[in-house]
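J.: Sending over a structure as structure tokens; questions will come in a sec.
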Amino acid sequence: MSKFPFLITLTSKIEALEKALKEAEQKTAETLSFLETQRGLAGTILKSMNEGVLAVDEKGNIVLANPAIEKTFTVIEPELLGKTVRAGLRNNEIAELIEEVAKAGKTIEKEISIIVPIEKTFAAMASPLKEGEEKKGVVCVLHDITEIRKLEQYRTEFVANVSHELKTPLTSIRSYVETLLNGAINDKEHNLVFLQKIEKHALNLSQLIEDILEISGLESKAQLGPFVEIDLKKTIQKAIETIHIKADKKGIEIERKCGISGTVYVLGIEDHLYRAILNLLDNAVNYSSSGGKVTVSCSQDGKKISLSVADTGIGIPPEHLPRIFERFYRVDTARSRELGGTGLGLAIVKHVMNIHNGEVEVASEQGKGTVFTLIFPG
Amino acid sequence: MIHQNSLFDTELGELKETVLKMGILVQSLIQKSVDSLKNQDPKLAQNVIDDDKKVDQLELDIDEKCINLIALREPKATDLRFITMAMRIGTDLERIGDLAEDIAERTIELGNQPLVKPLIDLPKMAQLAQEAIALALDAFVTLNVEKARLIWAKEKEMDQLRDKVQEELEEIMAKDASTVKRALPLLLTARHLERICDHATNIAEDIIYVVEARVVKHQGKS
């Protein structure tokens, strides 16, 4: 037996304590490392999210903003921290949504839009941050729905325009049919004229439907065929041959002037390119008066290949130039309809060039003529 | 701020938020009004005219808050200057809202008559006006006189653009008198936008007054 048994007991107690402390230290280290990993993970998730995440404390001051918020509002998180939403993001709608959620204590969803720095629409969802019953602030998630809303608006406008355009020839057809049925069918002097008018409007209608189908085909790119090498000179010749009869009837000369020797190839879809060139030629002939001239030329600048259709027609007033490629935009509605135009010709040209990664340019002088240029990237 | 009263602090914070709310609203009205003109969108123009009522209400809210603060808190020095500045900024922002409404009225006046020229400089002027207001709001939130001084450069740029637009439109009208009816609304819009920038300059002068206790109004810019 030891002389100092209490010392042995003390030593073993210290050892036990030391062991317990070491174990506690290890556990704390493990917990800290776990928390660090979790925090890192949460941070990574927030950073990688496409949705903007914004959190404010109970006083309404920003405590967190993820990179999606930074990108949308062109600010950095440190500049936002501690500021109110209005002071930091300069947006009333988000601020009001957060205030509403803080007051109501429940999740609220709302569509909000921002116009600064760029115009965007978001589906915003804000929820209260709570620890037990204690209110800790509000978290708001912003999901960008700009493209969806644009497409919806686009579709609505398109449907409205199409309905209007379809109704116009239909109304005429119905009135002539009604007049014929009401007795004009026996009026030998007029019945043929009425039937010719019905035929003309029916042709317009079917052309319009064809154009609408063409434009929707161009839009849903899935239906497009594969890109192949197209002999541009051949395609131009084909389009000229198609328009020749119409041009001859009006006494308009069509000249072909290509500044590139040999065969000119562009990558694309022949049917669509042919259609774009034909639309430009058709417009050039339609808007030139008898004795006028249409010149089709091509040139090369580095890899870029340009094709121009120039006419000596009436020209386009400058205020209309920015809008002529819009669907159903017409400089002179009555004249365009009279000439059988659907209002979609140039919109089709623009779409065709878009799918070919090219551009279409226009220059015009009233009374002198217009030049449309298709530019292929080469 | 020279006081030591947390409730007073909260009330001043609320006043600041209301001024910011009004500033953000008028910024969006400028953008929308010029967009409505550019896209000839009378619906959007009507939206601006309707929203100007909210701006008017906010001016009344600011006035009420300021008067209550002066009456109940008896503010001194910087606090007093801040409160009177907030009142004046409210008045300037309300005028800016009216000018945006005037632009929207020009859109309605034009209807769907084609524009005499593509709008390139007017949207640039609207952008400048918004930048000037954004700077004014930044300077107001942070009481930063350097930011306030940057507004004067915007004002100069704005005056140059206004002169350019005016010259172009005068030329168009001189060439063809039938364009006068369509050119005048654009000329007025340029004038409205330039006035908006002048109001942003007023705000800058107010901020300098709060921070430096120095009046720079009517004394040339320094």
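Letters for chains follow the order of the structure tokens (A, B, ...), residue numbers begin at 1 for each chain, and ligand numbers begin at 1 in the order shown.
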Applying 7 Å and only C-alpha atoms, which residues near Glu59 in chain B remain after dropping the ones on its own chain fewer than 5 positions away? List them as a PyMOL selection string.
T.: chain B and resi 90-91+94
J.: Please provide as number ranges by chain all residues within 12 Å of Lys303 in chain A, with the sequence filter that same-chain residues fewer than 5 positions apart are discarded (counting only C-alpha atoms).
T.: A: 264-266, 375-378
J.: Tell me which protein, DNA and RNA residues are within 9 Å of Ala247 in chain A, counting only C-alpha atoms, leaving out same-chain ones fewer than 6 positions away, and put them as a PDB file with N, CA, C and O atoms, in the first residue's frame.
T.:
```pdb
ATOM      1  N   GLU A 253     -36.736  46.013-115.464  1.00  0.00           N
ATOM      2  CA  GLU A 253     -35.566  45.235-115.862  1.00  0.00           C
ATOM      3  C   GLU A 253     -34.883  44.653-114.615  1.00  0.00           C
ATOM      4  O   GLU A 253     -34.763  45.338-113.590  1.00  0.00           O
ATOM      5  N   ILE A 254     -34.486  43.390-114.706  1.00  0.00           N
ATOM      6  CA  ILE A 254     -33.743  42.820-113.573  1.00  0.00           C
ATOM      7  C   ILE A 254     -32.317  42.545-114.037  1.00  0.00           C
ATOM      8  O   ILE A 254     -32.090  41.828-115.016  1.00  0.00           O
ATOM      9  N   ASP A 282     -39.500  40.357-104.915  1.00  0.00           N
ATOM     10  CA  ASP A 282     -40.926  40.625-105.051  1.00  0.00           C
ATOM     11  C   ASP A 282     -41.246  42.044-104.577  1.00  0.00           C
ATOM     12  O   ASP A 282     -41.949  42.796-105.255  1.00  0.00           O
ATOM     13  N   VAL A 285     -39.871  44.628-107.078  1.00  0.00           N
ATOM     14  CA  VAL A 285     -40.709  44.759-108.275  1.00  0.00           C
ATOM     15  C   VAL A 285     -42.025  45.469-107.914  1.00  0.00           C
ATOM     16  O   VAL A 285     -42.470  46.370-108.622  1.00  0.00           O
ATOM     17  N   ASN A 286     -42.606  45.078-106.790  1.00  0.00           N
ATOM     18  CA  ASN A 286     -43.890  45.672-106.382  1.00  0.00           C
ATOM     19  C   ASN A 286     -43.806  47.174-106.199  1.00  0.00           C
ATOM     20  O   ASN A 286     -44.741  47.894-106.508  1.00  0.00           O
ATOM     21  N   SER A 290     -43.152  51.245-113.609  1.00  0.00           N
ATOM     22  CA  SER A 290     -42.794  50.759-114.941  1.00  0.00           C
ATOM     23  C   SER A 290     -41.541  51.483-115.450  1.00  0.00           C
ATOM     24  O   SER A 290     -41.406  52.695-115.288  1.00  0.00           O
TER      25      SER A 290
END
```
J.: Give me, as a PyMOL selection string, the contact residues of chain B against chain A at a cut-off of 12 Å, counting only C-alpha atoms.
T.: chain B and resi 10+13-14+16-32+35+38-39+113-120+127+130-131+133-135+137-142+172+179+182-183
J.: Take the residues just selected and output them with N, CA and C atoms as a CSV table (one decimal), in the first residue's frame.
T.:
```csv
chain,number,residue,atom,x,y,z
B,10,THR,N,-34.9,56.0,-35.5
B,10,THR,CA,-35.8,55.2,-36.3
B,10,THR,C,-36.7,56.1,-37.1
B,13,GLY,N,-34.8,57.3,-40.0
B,13,GLY,CA,-34.6,56.2,-40.9
B,13,GLY,C,-35.8,56.0,-41.8
B,14,GLU,N,-37.0,56.2,-41.1
B,14,GLU,CA,-38.3,56.0,-41.9
B,14,GLU,C,-38.4,57.1,-42.9
B,16,LYS,N,-36.0,58.7,-44.4
B,16,LYS,CA,-35.0,58.4,-45.4
B,16,LYS,C,-35.6,57.4,-46.4
B,17,GLU,N,-36.2,56.3,-45.8
B,17,GLU,CA,-36.8,55.3,-46.6
B,17,GLU,C,-37.9,55.8,-47.5
B,18,THR,N,-38.7,56.8,-47.0
B,18,THR,CA,-39.8,57.3,-47.8
B,18,THR,C,-39.3,58.1,-49.0
B,19,VAL,N,-38.2,58.9,-48.7
B,19,VAL,CA,-37.6,59.7,-49.8
B,19,VAL,C,-37.0,58.8,-50.8
B,20,LEU,N,-36.4,57.7,-50.4
B,20,LEU,CA,-35.8,56.7,-51.3
B,20,LEU,C,-36.9,56.1,-52.1
B,21,LYS,N,-38.0,55.7,-51.5
B,21,LYS,CA,-39.2,55.1,-52.2
B,21,LYS,C,-39.6,56.0,-53.3
B,22,MET,N,-39.7,57.3,-53.0
B,22,MET,CA,-40.2,58.3,-53.9
B,22,MET,C,-39.2,58.4,-55.1
B,23,GLY,N,-37.9,58.4,-54.7
B,23,GLY,CA,-36.9,58.6,-55.7
B,23,GLY,C,-36.9,57.4,-56.7
B,24,ILE,N,-37.0,56.2,-56.1
B,24,ILE,CA,-37.0,55.0,-57.0
B,24,ILE,C,-38.2,55.0,-57.9
B,25,LEU,N,-39.3,55.5,-57.4
B,25,LEU,CA,-40.6,55.5,-58.2
B,25,LEU,C,-40.4,56.5,-59.3
B,26,VAL,N,-39.9,57.7,-59.1
B,26,VAL,CA,-39.8,58.7,-60.2
B,26,VAL,C,-38.8,58.2,-61.2
B,27,GLN,N,-37.7,57.5,-60.8
B,27,GLN,CA,-36.8,57.0,-61.7
B,27,GLN,C,-37.5,56.0,-62.7
B,28,SER,N,-38.3,55.2,-62.2
B,28,SER,CA,-39.0,54.2,-63.0
B,28,SER,C,-40.0,55.0,-63.9
B,29,LEU,N,-40.6,56.1,-63.5
B,29,LEU,CA,-41.5,56.8,-64.3
B,29,LEU,C,-40.8,57.5,-65.5
B,30,ILE,N,-39.6,57.9,-65.3
B,30,ILE,CA,-38.9,58.5,-66.4
B,30,ILE,C,-38.6,57.5,-67.5
B,31,GLN,N,-38.1,56.3,-67.0
B,31,GLN,CA,-37.9,55.2,-67.9
B,31,GLN,C,-39.1,54.8,-68.7
B,32,LYS,N,-40.2,54.6,-68.0
B,32,LYS,CA,-41.5,54.2,-68.6
B,32,LYS,C,-42.0,55.3,-69.5
B,35,ASP,N,-40.0,55.2,-72.7
B,35,ASP,CA,-40.3,53.9,-73.4
B,35,ASP,C,-41.6,54.0,-74.1
B,38,LYS,N,-41.1,56.0,-77.2
B,38,LYS,CA,-40.3,55.3,-78.1
B,38,LYS,C,-41.1,54.2,-78.8
B,39,ASN,N,-41.8,53.5,-78.0
B,39,ASN,CA,-42.6,52.3,-78.6
B,39,ASN,C,-44.0,52.7,-78.9
B,113,GLN,N,-49.1,58.4,-84.9
B,113,GLN,CA,-48.5,59.0,-86.1
B,113,GLN,C,-47.0,58.7,-86.1
B,114,PRO,N,-46.4,58.4,-87.2
B,114,PRO,CA,-45.0,58.0,-87.2
B,114,PRO,C,-44.1,59.1,-86.7
B,115,LEU,N,-43.1,58.6,-86.0
B,115,LEU,CA,-42.1,59.6,-85.4
B,115,LEU,C,-41.3,60.3,-86.5
B,116,VAL,N,-41.0,61.6,-86.3
B,116,VAL,CA,-40.3,62.2,-87.4
B,116,VAL,C,-38.9,61.8,-87.5
B,117,LYS,N,-38.3,61.1,-86.5
B,117,LYS,CA,-37.0,60.5,-86.5
B,117,LYS,C,-36.9,59.4,-85.5
B,118,PRO,N,-36.0,58.4,-85.8
B,118,PRO,CA,-35.9,57.4,-84.8
B,118,PRO,C,-35.4,58.0,-83.5
B,119,LEU,N,-35.9,57.5,-82.4
B,119,LEU,CA,-35.5,58.1,-81.1
B,119,LEU,C,-34.2,57.5,-80.6
B,120,ILE,N,-33.1,58.2,-80.7
B,120,ILE,CA,-31.8,57.7,-80.2
B,120,ILE,C,-31.3,58.6,-79.1
B,127,GLN,N,-31.7,58.2,-69.9
B,127,GLN,CA,-30.7,57.4,-69.2
B,127,GLN,C,-29.9,58.4,-68.3
B,130,GLN,N,-31.9,59.5,-65.4
B,130,GLN,CA,-32.0,58.5,-64.3
B,130,GLN,C,-30.7,58.4,-63.6
B,131,GLU,N,-29.6,58.5,-64.3
B,131,GLU,CA,-28.3,58.4,-63.6
B,131,GLU,C,-28.1,59.5,-62.6
B,133,ILE,N,-30.5,61.1,-61.1
B,133,ILE,CA,-31.3,60.8,-59.9
B,133,ILE,C,-30.7,59.8,-59.0
B,134,ALA,N,-30.1,58.7,-59.7
B,134,ALA,CA,-29.5,57.6,-58.9
B,134,ALA,C,-28.3,58.2,-58.1
B,135,LEU,N,-27.5,59.1,-58.7
B,135,LEU,CA,-26.4,59.7,-58.0
B,135,LEU,C,-27.0,60.6,-56.8
B,137,LEU,N,-29.7,60.1,-55.2
B,137,LEU,CA,-30.2,59.2,-54.1
B,137,LEU,C,-29.0,58.6,-53.3
B,138,ASP,N,-28.0,58.2,-54.1
B,138,ASP,CA,-26.7,57.7,-53.5
B,138,ASP,C,-26.2,58.7,-52.5
B,139,ALA,N,-26.1,59.9,-53.0
B,139,ALA,CA,-25.5,61.0,-52.2
B,139,ALA,C,-26.4,61.3,-51.0
B,140,PHE,N,-27.7,61.1,-51.1
B,140,PHE,CA,-28.6,61.4,-50.0
B,140,PHE,C,-28.5,60.3,-49.0
B,141,VAL,N,-28.4,59.0,-49.4
B,141,VAL,CA,-28.3,57.9,-48.5
B,141,VAL,C,-27.0,58.0,-47.7
B,142,THR,N,-25.9,58.3,-48.4
B,142,THR,CA,-24.6,58.3,-47.7
B,142,THR,C,-24.1,59.7,-47.3
B,172,ILE,N,-35.6,69.5,-89.2
B,172,ILE,CA,-36.7,68.7,-89.8
B,172,ILE,C,-37.9,69.6,-90.0
B,179,THR,N,-44.3,68.5,-90.6
B,179,THR,CA,-43.8,67.6,-89.5
B,179,THR,C,-43.9,68.3,-88.1
B,182,ARG,N,-45.7,66.7,-85.3
B,182,ARG,CA,-45.1,65.5,-84.8
B,182,ARG,C,-43.7,65.7,-84.1
B,183,ALA,N,-43.1,66.9,-84.5
B,183,ALA,CA,-41.8,67.2,-84.0
B,183,ALA,C,-41.9,67.9,-82.6
```
J.: Which neighbours of range 184-196 of chain B fall inside 8 Å, counting only C-alpha atoms, when residues of the same chain fewer than 3 positions from it are skipped, and could you give them as a ChimeraX atom specification?
T.: /B:95-96,99-100,102-103,106-107,109-110,122,125-126,129,155,158-159,162,165-166,169,180-181,199-200
J.: Those same residues - N, CA, C and O atoms - I'd like them written as a CSV table (one decimal), in the first residue's frame.
T.:
```csv
chain,number,residue,atom,x,y,z
B,95,ARG,N,-41.9,67.3,-58.6
B,95,ARG,CA,-41.8,68.0,-59.9
B,95,ARG,C,-41.3,67.0,-61.0
B,95,ARG,O,-41.8,67.1,-62.1
B,96,ILE,N,-40.3,66.2,-60.6
B,96,ILE,CA,-39.8,65.2,-61.6
B,96,ILE,C,-40.9,64.3,-62.1
B,96,ILE,O,-41.1,64.0,-63.2
B,99,LEU,N,-43.0,66.0,-64.5
B,99,LEU,CA,-42.4,66.1,-65.8
B,99,LEU,C,-42.5,64.7,-66.6
B,99,LEU,O,-42.7,64.7,-67.8
B,100,ALA,N,-42.3,63.6,-65.8
B,100,ALA,CA,-42.5,62.3,-66.5
B,100,ALA,C,-43.9,62.1,-67.0
B,100,ALA,O,-44.2,61.6,-68.1
B,102,ASP,N,-45.8,64.6,-68.0
B,102,ASP,CA,-45.8,65.5,-69.2
B,102,ASP,C,-45.3,64.7,-70.4
B,102,ASP,O,-45.9,64.8,-71.5
B,103,ILE,N,-44.2,63.9,-70.2
B,103,ILE,CA,-43.7,63.1,-71.3
B,103,ILE,C,-44.7,62.1,-71.8
B,103,ILE,O,-45.0,61.9,-73.0
B,106,ARG,N,-47.2,63.5,-73.9
B,106,ARG,CA,-46.8,63.7,-75.3
B,106,ARG,C,-47.0,62.4,-76.1
B,106,ARG,O,-47.3,62.5,-77.3
B,107,THR,N,-46.8,61.3,-75.4
B,107,THR,CA,-47.0,60.0,-76.1
B,107,THR,C,-48.4,59.9,-76.6
B,107,THR,O,-48.7,59.5,-77.7
B,109,GLU,N,-50.5,62.3,-77.0
B,109,GLU,CA,-50.8,63.3,-78.0
B,109,GLU,C,-50.3,62.8,-79.4
B,109,GLU,O,-51.0,63.1,-80.4
B,110,LEU,N,-49.2,62.2,-79.5
B,110,LEU,CA,-48.7,61.7,-80.8
B,110,LEU,C,-49.5,60.6,-81.4
B,110,LEU,O,-49.6,60.4,-82.6
B,122,LEU,N,-33.1,60.9,-77.3
B,122,LEU,CA,-34.1,61.1,-76.2
B,122,LEU,C,-33.9,59.9,-75.2
B,122,LEU,O,-33.8,60.2,-74.0
B,125,MET,N,-30.9,60.7,-73.2
B,125,MET,CA,-31.2,61.8,-72.2
B,125,MET,C,-32.0,61.2,-71.0
B,125,MET,O,-31.7,61.6,-69.9
B,126,ALA,N,-32.9,60.3,-71.3
B,126,ALA,CA,-33.6,59.6,-70.2
B,126,ALA,C,-32.7,58.8,-69.3
B,126,ALA,O,-32.8,58.9,-68.1
B,129,ALA,N,-30.8,61.3,-67.2
B,129,ALA,CA,-31.7,61.8,-66.1
B,129,ALA,C,-31.8,60.8,-65.0
B,129,ALA,O,-31.7,61.2,-63.8
B,155,GLU,N,-25.5,67.2,-65.8
B,155,GLU,CA,-26.3,68.3,-66.2
B,155,GLU,C,-25.7,68.9,-67.5
B,155,GLU,O,-26.5,69.2,-68.4
B,158,MET,N,-26.3,66.7,-70.4
B,158,MET,CA,-27.7,66.8,-70.7
B,158,MET,C,-28.0,68.0,-71.5
B,158,MET,O,-28.8,68.0,-72.5
B,159,ASP,N,-27.5,69.2,-71.2
B,159,ASP,CA,-27.7,70.4,-71.9
B,159,ASP,C,-27.2,70.3,-73.3
B,159,ASP,O,-27.9,70.7,-74.3
B,162,ARG,N,-29.6,68.1,-75.3
B,162,ARG,CA,-30.9,68.9,-75.5
B,162,ARG,C,-30.7,69.8,-76.7
B,162,ARG,O,-31.5,69.9,-77.6
B,165,VAL,N,-30.6,67.7,-79.9
B,165,VAL,CA,-32.0,67.3,-80.3
B,165,VAL,C,-32.8,68.5,-80.9
B,165,VAL,O,-33.4,68.4,-81.9
B,166,GLN,N,-32.7,69.6,-80.2
B,166,GLN,CA,-33.4,70.8,-80.6
B,166,GLN,C,-33.0,71.2,-82.1
B,166,GLN,O,-33.8,71.4,-82.9
B,169,LEU,N,-34.4,68.7,-84.6
B,169,LEU,CA,-35.8,68.8,-84.8
B,169,LEU,C,-36.1,70.1,-85.6
B,169,LEU,O,-37.0,70.2,-86.4
B,180,VAL,N,-44.3,69.6,-88.1
B,180,VAL,CA,-44.3,70.4,-86.9
B,180,VAL,C,-45.1,69.7,-85.8
B,180,VAL,O,-44.6,69.6,-84.6
B,181,LYS,N,-46.3,69.2,-86.1
B,181,LYS,CA,-47.1,68.6,-85.1
B,181,LYS,C,-46.5,67.4,-84.5
B,181,LYS,O,-46.8,67.1,-83.3
B,199,HIS,N,-33.6,69.4,-61.6
B,199,HIS,CA,-34.1,69.1,-60.3
B,199,HIS,C,-33.1,68.2,-59.5
B,199,HIS,O,-33.0,68.3,-58.3
B,200,ALA,N,-32.5,67.3,-60.3
B,200,ALA,CA,-31.5,66.4,-59.6
B,200,ALA,C,-30.3,67.3,-59.1
B,200,ALA,O,-29.8,67.1,-58.0
```
J.: So which residues touch range 209-212 of chain B within 12 Å, counting only C-alpha atoms, skipping near sequence neighbours fewer than 3 positions away, as a PDB file with C-alpha atoms, in the first residue's frame?
T.:
```pdb
ATOM      1  CA  MET B   1     -26.527  63.084 -36.595  1.00  0.00           C
ATOM      2  CA  LYS B  76     -30.845  71.066 -34.177  1.00  0.00           C
ATOM      3  CA  ALA B  77     -27.940  71.631 -36.596  1.00  0.00           C
ATOM      4  CA  THR B  78     -27.367  68.648 -38.970  1.00  0.00           C
ATOM      5  CA  ASP B  79     -30.645  67.003 -37.940  1.00  0.00           C
ATOM      6  CA  LEU B  80     -32.616  70.137 -38.743  1.00  0.00           C
ATOM      7  CA  ARG B  81     -30.792  70.639 -42.033  1.00  0.00           C
ATOM      8  CA  PHE B  82     -31.407  66.959 -42.926  1.00  0.00           C
ATOM      9  CA  ILE B  83     -35.127  67.256 -42.287  1.00  0.00           C
ATOM     10  CA  THR B  84     -35.521  70.473 -44.271  1.00  0.00           C
ATOM     11  CA  MET B  85     -33.464  68.874 -47.066  1.00  0.00           C
ATOM     12  CA  ALA B  86     -35.785  65.854 -47.113  1.00  0.00           C
ATOM     13  CA  ARG B  88     -37.076  70.031 -50.417  1.00  0.00           C
ATOM     14  CA  ILE B  89     -36.035  66.771 -52.085  1.00  0.00           C
ATOM     15  CA  ALA B 139     -25.502  61.023 -52.185  1.00  0.00           C
ATOM     16  CA  PHE B 140     -28.617  61.374 -50.044  1.00  0.00           C
ATOM     17  CA  VAL B 141     -28.292  57.897 -48.460  1.00  0.00           C
ATOM     18  CA  THR B 142     -24.582  58.271 -47.717  1.00  0.00           C
ATOM     19  CA  LEU B 143     -24.486  62.086 -47.390  1.00  0.00           C
ATOM     20  CA  ASN B 144     -21.623  61.994 -49.851  1.00  0.00           C
ATOM     21  CA  VAL B 145     -20.948  65.422 -51.363  1.00  0.00           C
ATOM     22  CA  GLU B 146     -18.522  64.019 -53.958  1.00  0.00           C
ATOM     23  CA  ALA B 148     -23.580  65.022 -55.356  1.00  0.00           C
ATOM     24  CA  ASN B 202     -31.192  71.031 -56.831  1.00  0.00           C
ATOM     25  CA  ILE B 203     -31.030  67.845 -54.747  1.00  0.00           C
ATOM     26  CA  ALA B 204     -27.215  67.856 -55.017  1.00  0.00           C
ATOM     27  CA  GLU B 205     -27.151  71.445 -53.735  1.00  0.00           C
ATOM     28  CA  ASP B 206     -29.373  70.491 -50.810  1.00  0.00           C
ATOM     29  CA  VAL B 215     -25.343  77.251 -49.485  1.00  0.00           C
ATOM     30  CA  VAL B 216     -24.236  76.630 -53.079  1.00  0.00           C
ATOM     31  CA  LYS B 217     -27.544  77.550 -54.718  1.00  0.00           C
TER      32      LYS B 217
END
```
J.: Per DSSP on the backbone, what are the helix (DSSP H, G or I) residues of range 57-199 of chain A, as a ChimeraX atom specification?
T.: /A:67-73,77-80,85-89,92-104,146-181,184-186,191-199
